[in-house]
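Q: Let me begin by handing over the structure; questions about it come next.
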Amino acid sequence: MGGPRAGKVLVLGVLVAFGLGSSAEVRAGEPPVHASPSAAPAPVAAPLVFSPHDIAFVDALTWGANASTMARFHALGVEGWLKEQLHPARDTLPAEAQRQIEALEISRRSAPQLVTEFRDRDAALKNLPSPEEKGAAQKVYQADMTARAREAATAAILRALYAPDQLRERMVWFWLNHFNVHQAKGNLRLLMADYQDNAIRPHALGKFRDLLAATLRHPAMLRYLDNAENAAGRINENYAREIMELHTLGVGSGYSQKDVEELARILTGVGIAGPNIPRVKPGQEALLIRDGLFEFNPARHDFGDKVLLGRTIEGQGFAEVEEALDILSRAPATARHVSRDIAIYFVADNPPEALVQRMADTFQKSDGDIAAVLATMIRSPEFEASLGKRFKDPVRYVFSAVRLAYDDRVILNTQPVQNWLNRLGEGLYNHETPDGYPLVSTAWTASGQMTARFEIARQIGSGAAGLFKPAEEGAVEQPAFPLLQNSLYFSGLSARLSPATRLALAQAISPQDWNTLFLSSPDFMQ
Amino acid sequence: MNRRHVLAGLAGLAPMTVAGRVWAAPKADARLLVVFLRGAYDAANVVIPVSSSFYYESRPNLAIARPGSGVGSALSLDVDWGLHPALASSILPLFQRGEVAFVPFAGTDDLTRSHFETQDTIELGQEVNVRRDYRSGFMARLAHELTGVRPISFTEQLPLTFQGEVAVPNVAINAVGKAGIDSRQAKLITAMYEHGPLSGAVAEGFRVRDEVYQQVTDHMMEASRNAASPKGFELSARRIGRLMRETFNLGFVDVGGWDTHVNQGGATGYLADRLGELGRGLAGFAEEIGPKWNDTVVVVLSEFGRTFRENGNHGTDHGHGSVYWVLGGGVRGGRIAGEQVAVDQPHLFQNRDYPVLTDYRGLLGGLIRQLYGLDAASLGRVFANVTPKDLALV
């Protein structure tokens with residue numbers, strides 16, 4: 001990664017001993033220094049000091065403000081940093097995170113290779129003579145599939161925690177949720193890594209139309225919403241309905257049951273490539289599409305004409321799907337629905353209608369350019385007014401806590417993070433239904449949710465969570481106590497703490513206790 | 001507080017007779033559990049219209065054979081209806097004891113056929129064509145009307161139905177574990193939240209955490225003497241039974257996985273497995289709640305039914321009318337309740353689905369009116385502008 005290291009040296013220069021509550025107040029009293037576009041990293045010996053506003057701004061657009069991200073923000077200034085976030089050059093990772101991802105099985109084998117391998121194993125295990133052997137082999141087979149999904153989560157977590165293109169990573173999660181699939185169905189566990197890295201991430205800040213098409217061509221989606229089964233005369237409406245209700249137009253936007261049925265007909269033959277090339281009627285050979293695991297099989301397609309949202313689509317094969325995607329992705333209802341969801345995610349449970357409309361206007365003018373829609377939101381007074389107020393959902397809560405606790409020191413084991421997310425009810429690839437996890441904060445503030453969160457705060461804060469215990473057999477946990485009361489805390493975070501939180505923190509009896517209370521505080525929840 | 005007001009009035013009433021039984025008014029120790037089958041379960045293959053030849057024509061691959069036709073055939077409920085064989089050892093005995101009633105052709109007038117919209121519709125329990133208030137679910141409104149009520153949601157998140165003026169705790173019932181946050185930390189954390197919007201949730205969370213842990217672990221120690229410990233929904237339902245016997249009397253739990261577009265199976269298979277687990281859970285709940293079963297009503301519902309005809313993939317798509325279940329020791333069951341029509345092609349809704357003849361608000365309204373002795377004004381605050389349907393279920 002190419003970020004300047006000067007800032008990092010500056011902010012890591014001060015490690016303050018535990019328990020100096022009064023020094024926090026002194027620091028908090030210092031005048032905040034705003035990052036300005038022209039500010040170059042200067043050779044200053046003192047730590048950088050950030051205003052609560054700047055921290056909240058960076059916090060809102062990343063997986064959590066930490067010292068190194070704040071240093072980058074300081075170095076580039078607001079405009080430079082924002083430009084880098086909205087239009088990141090490449091998704092490069094710190095070397096240690098990159099090393100861990102490259103060591104995963106999912107990095108060494110493509111999705112088609114994995115699917116073929118497991119298909120062969122499945123066939124072989126069916127031929128085993130004794131039920132005991134079969135049962136044992138089946139267990140290993142299932143465990144190996146689960147391991148591939150865990151690896152996908154590992155890659156996602158490492159990127160979320162350490163990728164410099166933080167806003168893109170926020171959007172990768174957002175779109176994974178918007179185009180939700182559930183890992184437990186069939187062989188989806190093998191496909192999760194490919195889905196997030198090849199269908200979602202490349203388009204996360206790009207054009208919505210491309211993103212929609214990429215999810216439509218992905219076997220994870222086609223399996224999850226049963227379109228792989230949808231064929232002429234054997235219609236399965238499931239995916240067609242969810243495209244309109246969840247992915248594009250939104251329910252109540254005016255489409256009918258008939259539109260659902262017509263789109264289902266358009267989608268007949270859109271499915272997953274098997275080992276054999278399907279037989280196709282003479283004259284239709286050119287209409288067959290096979291691309292990796294994607295297949296459009298004209299032999300399964302309904303070639304009759306269809307009427308979608310009042311527009312006639314002539315029967316012609318996969319080109320119908322392209323036409324339908326044009327109609328759906330360019331519909332004003334889609335612009336509003338998608339913009340509203342983005343605004344809910346970043347701004348408020350009930351985002352102001354005027355903001356949603358401006359974002360939707362940008363969506364339509366830019367032909368669904370996601371970065372442009374985000375820019376409209378980020379530059380709005382509504383976004384500005386929301387800074388520091390958005391209640392964190394569990395994923396953001398956990399990621400921001402780990403980012404703050406260890407900054408850019410790369411964790412060696414993501415399993416504790418996966419467990420926390422599951423315990424908080426927002427595990428990766430674990431939402432069963434296609435609507436994705438709720439974006440509104442009221443879904444995450446119930447009493448049982450809060451107590452679960454405090455338990456996680458304790459686990460992260462006490463430093464014994466196993467984040468630095470490498471997954472390899474016999475590996476020894478590396479010492480790594482979370483430094484939450486760090487330079488960023490004293491140079492900015494402490495300034496926004498409420499008196500009640502300060503009072504509680506002052507009663508902490510150990511560093512572990514202080515960390516637990518800090519991560520449990522209402523101030524850190526938003 | 002209007003509920004105190006209402007109850008002060010009600011407390012003066014003499015015991016009244018409802019459906020032949022003497023209730024105190026209001027019925028303070030009644031227990032109500034709502035079980036939401038999310039995903040729109042295929043009601044027609046669970047409470048099966050066995051006298052309908054149209055059913056057998058419409059489902060060449062999925063239909064459950066008529067009662068008495070060998071292994072895997074439906075269990076007879078009456079001449080027209082049968083029960084899925086996966087419920088033979090759990091629900092059928094309850095039905096035969098007269099503790100289960102099924103209400104076919106039940107549901108909403110929500111026609112989106114969207115899981116999420118229709119689930120919201122039911123959980124909110126508001127009038128249609130009125131702007132939805134997402135901060136007001138019907139179970140929260142019911143809790144507000146009752147005194148001596150201890151509501152709880154046995155879910156990871158608080159469901160829409162419990163959003164409202166009453167702070168309702170939630171607990172992820174399958175994952176109750178020993179707390180790491182000690183009581184000193186709990187006090188400090190509670191103090192940090194004291195003047196904020198989450199103060200109630202945080203304080204209640206710690207209270208309920210300790211209470212539930214205590215009761216669930218006592219239970220686990222008792223249960224560990226038995227050989228196999230239950231898993232999945234049965235584990236949850238047994239814990240719920242225990243908690244509702246001791247402490248809580250208004251509960252909600254949901255069970256997912258009913259959206260069967262492909263290969264849902266027949267007498268065996270995917271749906272049968274889900275059903276078996278559900279049945280074992282409900283029977284386990286009845287067992288755990290013990291003597292309180294007589295004062296308990298369990299309502300099992302789902303957002304809508306599925307297409308009456310099977311689709312091309314041995315599954316079913318989104319439909320309309322469903323079948324609701326009402327269970328309890330005091331339920332007047334062993335019967336199929338509510339308005340019915342012949343199950344044939346002309347009676348299908350939009351030539352596709354079960355029609356809705358019993359509106360869920362009328363059904364639930366009638367039920368809770370009898371269960372708690374609610375007056376019209378009170379009932380009107382739970383379900384505005386609804387005519388409660390008197391199916392004499394309790």
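Residues are named by chain letter and number: chains run A, B, ... in the order of the structure tokens, numbers start at 1 in each chain, and ligands are numbered from 1 in the order shown.
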Please check the contacts: residues of chain A at most 6 Å away from chain B, using only C-alpha atoms, listed as a list in words.
A: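 Close enough to count are Arg234, Ile235, Ala443, Ala446, Ser447, Gly448, Thr451, Ala500, Thr501 and Ala504 of chain A.
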Q: What parts of segment 276-355 of chain B does DSSP call alpha helix (DSSP H)? I'd like the answer as a list in words.
A: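 Those residues are Gly276, Glu277, Leu278, Gly279, Arg280, Gly281, Leu282, Ala283, Gly284, Phe285, Ala286, Glu287, Glu288 and Ile289 of chain B.
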Q: How would you write, as a VMD selection string, the set of residues in segment 149-350 of chain A that DSSP gives as strand (DSSP E or B)?
A: chain A and resid 207 231 234 270 to 272 289 to 291 294 to 296 306 to 308 311 to 313
Q: If you keep N, CA, C and O atoms, can you produce a file of those selected residues as a tab-separated table (two decimals), in the first residue's frame?
A:
```tsv
chain	number	residue	atom	x	y	z
A	207	LYS	N	-21.09	1.07	-11.72
A	207	LYS	CA	-22.46	1.27	-12.20
A	207	LYS	C	-23.39	0.19	-11.62
A	207	LYS	O	-23.07	-1.00	-11.66
A	231	ALA	N	-37.41	-22.91	-15.82
A	231	ALA	CA	-37.36	-23.29	-17.24
A	231	ALA	C	-38.74	-23.16	-17.87
A	231	ALA	O	-39.75	-23.13	-17.16
A	234	ARG	N	-41.82	-24.88	-16.69
A	234	ARG	CA	-41.55	-25.25	-15.30
A	234	ARG	C	-41.10	-24.00	-14.56
A	234	ARG	O	-40.02	-23.91	-14.00
A	270	VAL	N	-31.82	-19.23	-17.64
A	270	VAL	CA	-30.68	-18.59	-16.99
A	270	VAL	C	-30.28	-19.46	-15.81
A	270	VAL	O	-31.07	-19.59	-14.86
A	271	GLY	N	-29.11	-20.08	-15.88
A	271	GLY	CA	-28.77	-21.03	-14.83
A	271	GLY	C	-27.29	-21.28	-14.69
A	271	GLY	O	-26.47	-20.44	-15.06
A	272	ILE	N	-26.98	-22.44	-14.17
A	272	ILE	CA	-25.60	-22.77	-13.81
A	272	ILE	C	-25.07	-23.84	-14.75
A	272	ILE	O	-25.76	-24.82	-15.06
A	289	ILE	N	-25.06	-19.74	-24.04
A	289	ILE	CA	-23.96	-19.00	-23.42
A	289	ILE	C	-23.38	-19.85	-22.30
A	289	ILE	O	-24.13	-20.33	-21.44
A	290	ARG	N	-22.09	-20.05	-22.33
A	290	ARG	CA	-21.41	-20.70	-21.19
A	290	ARG	C	-20.19	-19.87	-20.84
A	290	ARG	O	-19.33	-19.64	-21.67
A	291	ASP	N	-20.15	-19.43	-19.61
A	291	ASP	CA	-19.10	-18.50	-19.19
A	291	ASP	C	-18.77	-18.83	-17.74
A	291	ASP	O	-19.50	-18.43	-16.83
A	294	PHE	N	-21.58	-19.79	-15.30
A	294	PHE	CA	-22.85	-19.25	-15.81
A	294	PHE	C	-23.23	-19.96	-17.10
A	294	PHE	O	-22.38	-20.26	-17.93
A	295	GLU	N	-24.54	-20.19	-17.22
A	295	GLU	CA	-25.01	-20.77	-18.47
A	295	GLU	C	-26.38	-20.20	-18.81
A	295	GLU	O	-27.25	-20.10	-17.94
A	296	PHE	N	-26.54	-19.81	-20.06
A	296	PHE	CA	-27.89	-19.56	-20.57
A	296	PHE	C	-28.19	-20.66	-21.57
A	296	PHE	O	-27.50	-20.79	-22.59
A	306	LYS	N	-42.97	-11.28	-24.18
A	306	LYS	CA	-43.38	-10.94	-22.82
A	306	LYS	C	-43.66	-9.45	-22.72
A	306	LYS	O	-43.15	-8.67	-23.52
A	307	VAL	N	-44.47	-9.11	-21.71
A	307	VAL	CA	-44.71	-7.69	-21.44
A	307	VAL	C	-44.27	-7.40	-20.01
A	307	VAL	O	-44.85	-7.91	-19.06
A	308	LEU	N	-43.20	-6.61	-19.89
A	308	LEU	CA	-42.67	-6.29	-18.58
A	308	LEU	C	-42.89	-4.81	-18.31
A	308	LEU	O	-42.39	-3.96	-19.05
A	311	ARG	N	-43.87	-2.79	-21.20
A	311	ARG	CA	-43.02	-2.80	-22.39
A	311	ARG	C	-42.96	-4.21	-22.95
A	311	ARG	O	-42.74	-5.18	-22.23
A	312	THR	N	-43.13	-4.31	-24.26
A	312	THR	CA	-43.08	-5.62	-24.89
A	312	THR	C	-41.63	-6.03	-25.14
A	312	THR	O	-40.84	-5.24	-25.64
A	313	ILE	N	-41.32	-7.22	-24.74
A	313	ILE	CA	-39.98	-7.76	-24.98
A	313	ILE	C	-40.13	-8.99	-25.85
A	313	ILE	O	-40.77	-9.97	-25.47
```
Q: Distance atom CA of Ser68 of chain A-atom CA of Leu484 of chain A, one decimal place?
A: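 Computing the Euclidean distance for atom CA of Ser68 of chain A and atom CA of Leu484 of chain A yields 13.8 Å.
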Q: From the list A:His247, A:Arg396, A:His218, A:His182, which residue is nearest Leu428 of chain A when using only C-alpha atoms?
A: A:His182
Q: So, counting only C-alpha atoms, which residue among B:Ala267, B:Ile64, B:Ala44, B:Ala30 is closest to Thr147 of chain B?
A: B:Ala30
Q: Using only C-alpha atoms, can you tell me which of B:Phe36, B:Trp81, B:Tyr372, B:Tyr354 comes closest to Ala65 of chain B?
A: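 Between B:Phe36, B:Trp81, B:Tyr372, B:Tyr354, the residue approaching Ala65 of chain B most closely is B:Trp81.
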Q: Need the shell around segment 237-249 of chain B: protein/DNA/RNA residues with any atom at most 8 Å away, counting only C-alpha atoms. Skip same-chain ones fewer than 3 positions apart. Format as an MDAnalysis selection string?
A: chainID B and resid 29:33 149:152 154 173 212 215:216 219 233:234 281:282 284:290 292
Q: Which residues are close to Ala272 of chain B, i.e. within 9 Å by only C-alpha atoms, leaving aside same-chain residues fewer than 6 positions away? Reply as an MDAnalysis selection string.
A: chainID B and resid 46 84:87 264:266
Q: I need the chosen residues saved as a short mmCIF file (atom, residue, chain, number, x, y, z; two decimals), in the first residue's frame, with N, CA and C atoms.
A:
```cif
data_model
loop_
_atom_site.label_atom_id
_atom_site.label_comp_id
_atom_site.auth_asym_id
_atom_site.auth_seq_id
_atom_site.Cartn_x
_atom_site.Cartn_y
_atom_site.Cartn_z
N VAL B 46 -49.82 -29.45 5.05
CA VAL B 46 -49.69 -29.71 6.49
C VAL B 46 -51.05 -30.04 7.08
N HIS B 84 -50.26 -33.77 8.30
CA HIS B 84 -49.01 -34.30 7.75
C HIS B 84 -48.45 -35.38 8.68
N PRO B 85 -47.99 -36.49 8.11
CA PRO B 85 -47.54 -37.60 8.97
C PRO B 85 -46.35 -37.25 9.86
N ALA B 86 -45.60 -36.22 9.50
CA ALA B 86 -44.46 -35.85 10.35
C ALA B 86 -44.91 -35.35 11.72
N LEU B 87 -46.22 -35.09 11.86
CA LEU B 87 -46.73 -34.57 13.13
C LEU B 87 -47.43 -35.65 13.95
N GLN B 264 -39.70 -29.46 -2.16
CA GLN B 264 -40.12 -29.36 -0.77
C GLN B 264 -40.42 -30.72 -0.15
N GLY B 265 -40.55 -31.74 -1.01
CA GLY B 265 -40.79 -33.08 -0.49
C GLY B 265 -42.26 -33.31 -0.20
N GLY B 266 -42.59 -34.53 0.16
CA GLY B 266 -43.98 -34.89 0.46
C GLY B 266 -44.07 -35.40 1.89
#
```
Q: For Pro479 of chain A, which residue out of A:Leu246, A:Ala464, A:Ala228, A:Ala143 is the nearest one, using only C-alpha atoms?
A: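 Ranking A:Leu246, A:Ala464, A:Ala228, A:Ala143 by distance to Pro479 of chain A, first place goes to A:Ala464.
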Q: Using only C-alpha atoms, I'd like a table of the residues in segment 57-160 of chain B that come within 9 Å of segment 322-325 of chain B; for each, show the closest atom pair and its distance in Å rounded to one decimal, ordered by chain and ascending number, as CSV.
A:
```
residue,atom,partner,partner_atom,distance
B:Val100,CA,B:Trp325,CA,7.0
B:Ala101,CA,B:Trp325,CA,6.0
B:Phe102,CA,B:Trp325,CA,4.7
B:Val103,CA,B:Tyr324,CA,5.1
B:Pro104,CA,B:Val323,CA,4.1
B:Phe105,CA,B:Ser322,CA,5.5
B:Ala106,CA,B:Ser322,CA,5.2
B:Gly107,CA,B:Ser322,CA,5.8
```
Q: Print the selection's residues with all heavy atoms to a file, as a PDB file, in the first residue's frame.
A:
```pdb
ATOM      1  N   VAL B 100     -55.860 -28.746  20.143  1.00  0.00           N
ATOM      2  CA  VAL B 100     -55.409 -28.020  18.956  1.00  0.00           C
ATOM      3  C   VAL B 100     -56.598 -27.793  18.031  1.00  0.00           C
ATOM      4  O   VAL B 100     -57.353 -28.715  17.756  1.00  0.00           O
ATOM      5  CB  VAL B 100     -54.353 -28.826  18.141  1.00  0.00           C
ATOM      6  CG1 VAL B 100     -53.842 -27.981  16.980  1.00  0.00           C
ATOM      7  CG2 VAL B 100     -53.222 -29.294  19.019  1.00  0.00           C
ATOM      8  N   ALA B 101     -56.727 -26.559  17.560  1.00  0.00           N
ATOM      9  CA  ALA B 101     -57.691 -26.269  16.498  1.00  0.00           C
ATOM     10  C   ALA B 101     -56.916 -25.695  15.316  1.00  0.00           C
ATOM     11  O   ALA B 101     -55.957 -24.950  15.507  1.00  0.00           O
ATOM     12  CB  ALA B 101     -58.736 -25.279  16.984  1.00  0.00           C
ATOM     13  N   PHE B 102     -57.324 -26.065  14.120  1.00  0.00           N
ATOM     14  CA  PHE B 102     -56.731 -25.479  12.920  1.00  0.00           C
ATOM     15  C   PHE B 102     -57.752 -24.554  12.265  1.00  0.00           C
ATOM     16  O   PHE B 102     -58.927 -24.891  12.170  1.00  0.00           O
ATOM     17  CB  PHE B 102     -56.318 -26.567  11.932  1.00  0.00           C
ATOM     18  CG  PHE B 102     -55.216 -27.446  12.445  1.00  0.00           C
ATOM     19  CD1 PHE B 102     -55.492 -28.740  12.889  1.00  0.00           C
ATOM     20  CD2 PHE B 102     -53.903 -26.986  12.504  1.00  0.00           C
ATOM     21  CE1 PHE B 102     -54.485 -29.552  13.363  1.00  0.00           C
ATOM     22  CE2 PHE B 102     -52.885 -27.798  12.990  1.00  0.00           C
ATOM     23  CZ  PHE B 102     -53.168 -29.083  13.424  1.00  0.00           C
ATOM     24  N   VAL B 103     -57.280 -23.405  11.825  1.00  0.00           N
ATOM     25  CA  VAL B 103     -58.160 -22.454  11.147  1.00  0.00           C
ATOM     26  C   VAL B 103     -57.671 -22.295   9.709  1.00  0.00           C
ATOM     27  O   VAL B 103     -56.708 -21.563   9.452  1.00  0.00           O
ATOM     28  CB  VAL B 103     -58.172 -21.084  11.854  1.00  0.00           C
ATOM     29  CG1 VAL B 103     -59.197 -20.163  11.193  1.00  0.00           C
ATOM     30  CG2 VAL B 103     -58.451 -21.247  13.344  1.00  0.00           C
ATOM     31  N   PRO B 104     -58.298 -23.001   8.761  1.00  0.00           N
ATOM     32  CA  PRO B 104     -57.874 -22.858   7.372  1.00  0.00           C
ATOM     33  C   PRO B 104     -58.421 -21.567   6.761  1.00  0.00           C
ATOM     34  O   PRO B 104     -59.290 -20.914   7.346  1.00  0.00           O
ATOM     35  CB  PRO B 104     -58.475 -24.083   6.694  1.00  0.00           C
ATOM     36  CG  PRO B 104     -59.660 -24.440   7.527  1.00  0.00           C
ATOM     37  CD  PRO B 104     -59.392 -23.968   8.928  1.00  0.00           C
ATOM     38  N   PHE B 105     -57.899 -21.205   5.623  1.00  0.00           N
ATOM     39  CA  PHE B 105     -58.339 -20.000   4.892  1.00  0.00           C
ATOM     40  C   PHE B 105     -58.150 -18.748   5.744  1.00  0.00           C
ATOM     41  O   PHE B 105     -58.993 -17.865   5.765  1.00  0.00           O
ATOM     42  CB  PHE B 105     -59.792 -20.135   4.422  1.00  0.00           C
ATOM     43  CG  PHE B 105     -60.074 -21.424   3.716  1.00  0.00           C
ATOM     44  CD1 PHE B 105     -60.876 -22.402   4.287  1.00  0.00           C
ATOM     45  CD2 PHE B 105     -59.506 -21.671   2.466  1.00  0.00           C
ATOM     46  CE1 PHE B 105     -61.122 -23.598   3.640  1.00  0.00           C
ATOM     47  CE2 PHE B 105     -59.748 -22.869   1.816  1.00  0.00           C
ATOM     48  CZ  PHE B 105     -60.563 -23.842   2.390  1.00  0.00           C
ATOM     49  N   ALA B 106     -57.071 -18.723   6.516  1.00  0.00           N
ATOM     50  CA  ALA B 106     -56.779 -17.556   7.348  1.00  0.00           C
ATOM     51  C   ALA B 106     -55.639 -16.764   6.719  1.00  0.00           C
ATOM     52  O   ALA B 106     -54.824 -17.312   5.987  1.00  0.00           O
ATOM     53  CB  ALA B 106     -56.392 -18.008   8.759  1.00  0.00           C
ATOM     54  N   GLY B 107     -55.615 -15.481   7.014  1.00  0.00           N
ATOM     55  CA  GLY B 107     -54.523 -14.655   6.487  1.00  0.00           C
ATOM     56  C   GLY B 107     -54.869 -13.188   6.462  1.00  0.00           C
ATOM     57  O   GLY B 107     -55.716 -12.713   7.220  1.00  0.00           O
TER      58      GLY B 107
END
```
Q: One decimal, Å: what's the distance from atom CA of Gln357 of chain A over to atom CA of Tyr345 of chain A, could you say?
A: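 Separation between atom CA of Gln357 of chain A and atom CA of Tyr345 of chain A: 15.7 Å.
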Q: Near Asn422 of chain A, counting only C-alpha atoms, which residues have an atom at most 12 Å away, once you skip same-chain residues fewer than 6 positions from it, shown as a PyMOL selection string?
A: (chain A and resi 153+394-395+398+415-416+428-431+449+452-453+456) or (chain B and resi 156+172+175)
Q: How would the residues just chosen look if you wrote them out with C-alpha atoms as a PDB file, in the first residue's frame?
A:
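Below is the file that was written, out.pdb:
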```
ATOM      1  CA  ALA A 153     -15.231 -14.510   5.670  1.00  0.00           C
ATOM      2  CA  PRO A 394     -23.053  -5.144  14.830  1.00  0.00           C
ATOM      3  CA  VAL A 395     -20.672  -5.490  11.883  1.00  0.00           C
ATOM      4  CA  VAL A 398     -17.088  -5.074  15.846  1.00  0.00           C
ATOM      5  CA  GLN A 415     -12.442 -16.681  13.820  1.00  0.00           C
ATOM      6  CA  PRO A 416     -13.185 -14.667  16.981  1.00  0.00           C
ATOM      7  CA  LEU A 428     -21.319 -12.920   7.348  1.00  0.00           C
ATOM      8  CA  TYR A 429     -23.382 -14.830   4.736  1.00  0.00           C
ATOM      9  CA  ASN A 430     -25.725 -15.929   7.517  1.00  0.00           C
ATOM     10  CA  HIS A 431     -28.953 -14.086   6.745  1.00  0.00           C
ATOM     11  CA  GLN A 449     -28.743  -7.124  21.655  1.00  0.00           C
ATOM     12  CA  ALA A 452     -24.621  -9.326  23.854  1.00  0.00           C
ATOM     13  CA  ARG A 453     -22.677  -6.303  22.650  1.00  0.00           C
ATOM     14  CA  ILE A 456     -18.227  -8.750  23.016  1.00  0.00           C
TER      15      ILE A 456
ATOM     16  CA  GLU B 156     -32.032 -12.217  18.416  1.00  0.00           C
ATOM     17  CA  ALA B 172     -31.535 -15.259  21.779  1.00  0.00           C
ATOM     18  CA  ALA B 175     -27.619 -19.202  22.857  1.00  0.00           C
TER      19      ALA B 175
END
```
Q: State, in Å with one decimal place, the distance from atom CA of Val373 of chain A to atom CA of Phe346 of chain A.
A: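 Interatomic distance, atom CA of Val373 of chain A to atom CA of Phe346 of chain A: 12.2 Å.
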Q: Which residues come within 12 Å of Ala232 of chain A, counting only C-alpha atoms, excluding same-chain residues fewer than 4 positions away, as a count of residues only?
A: 25
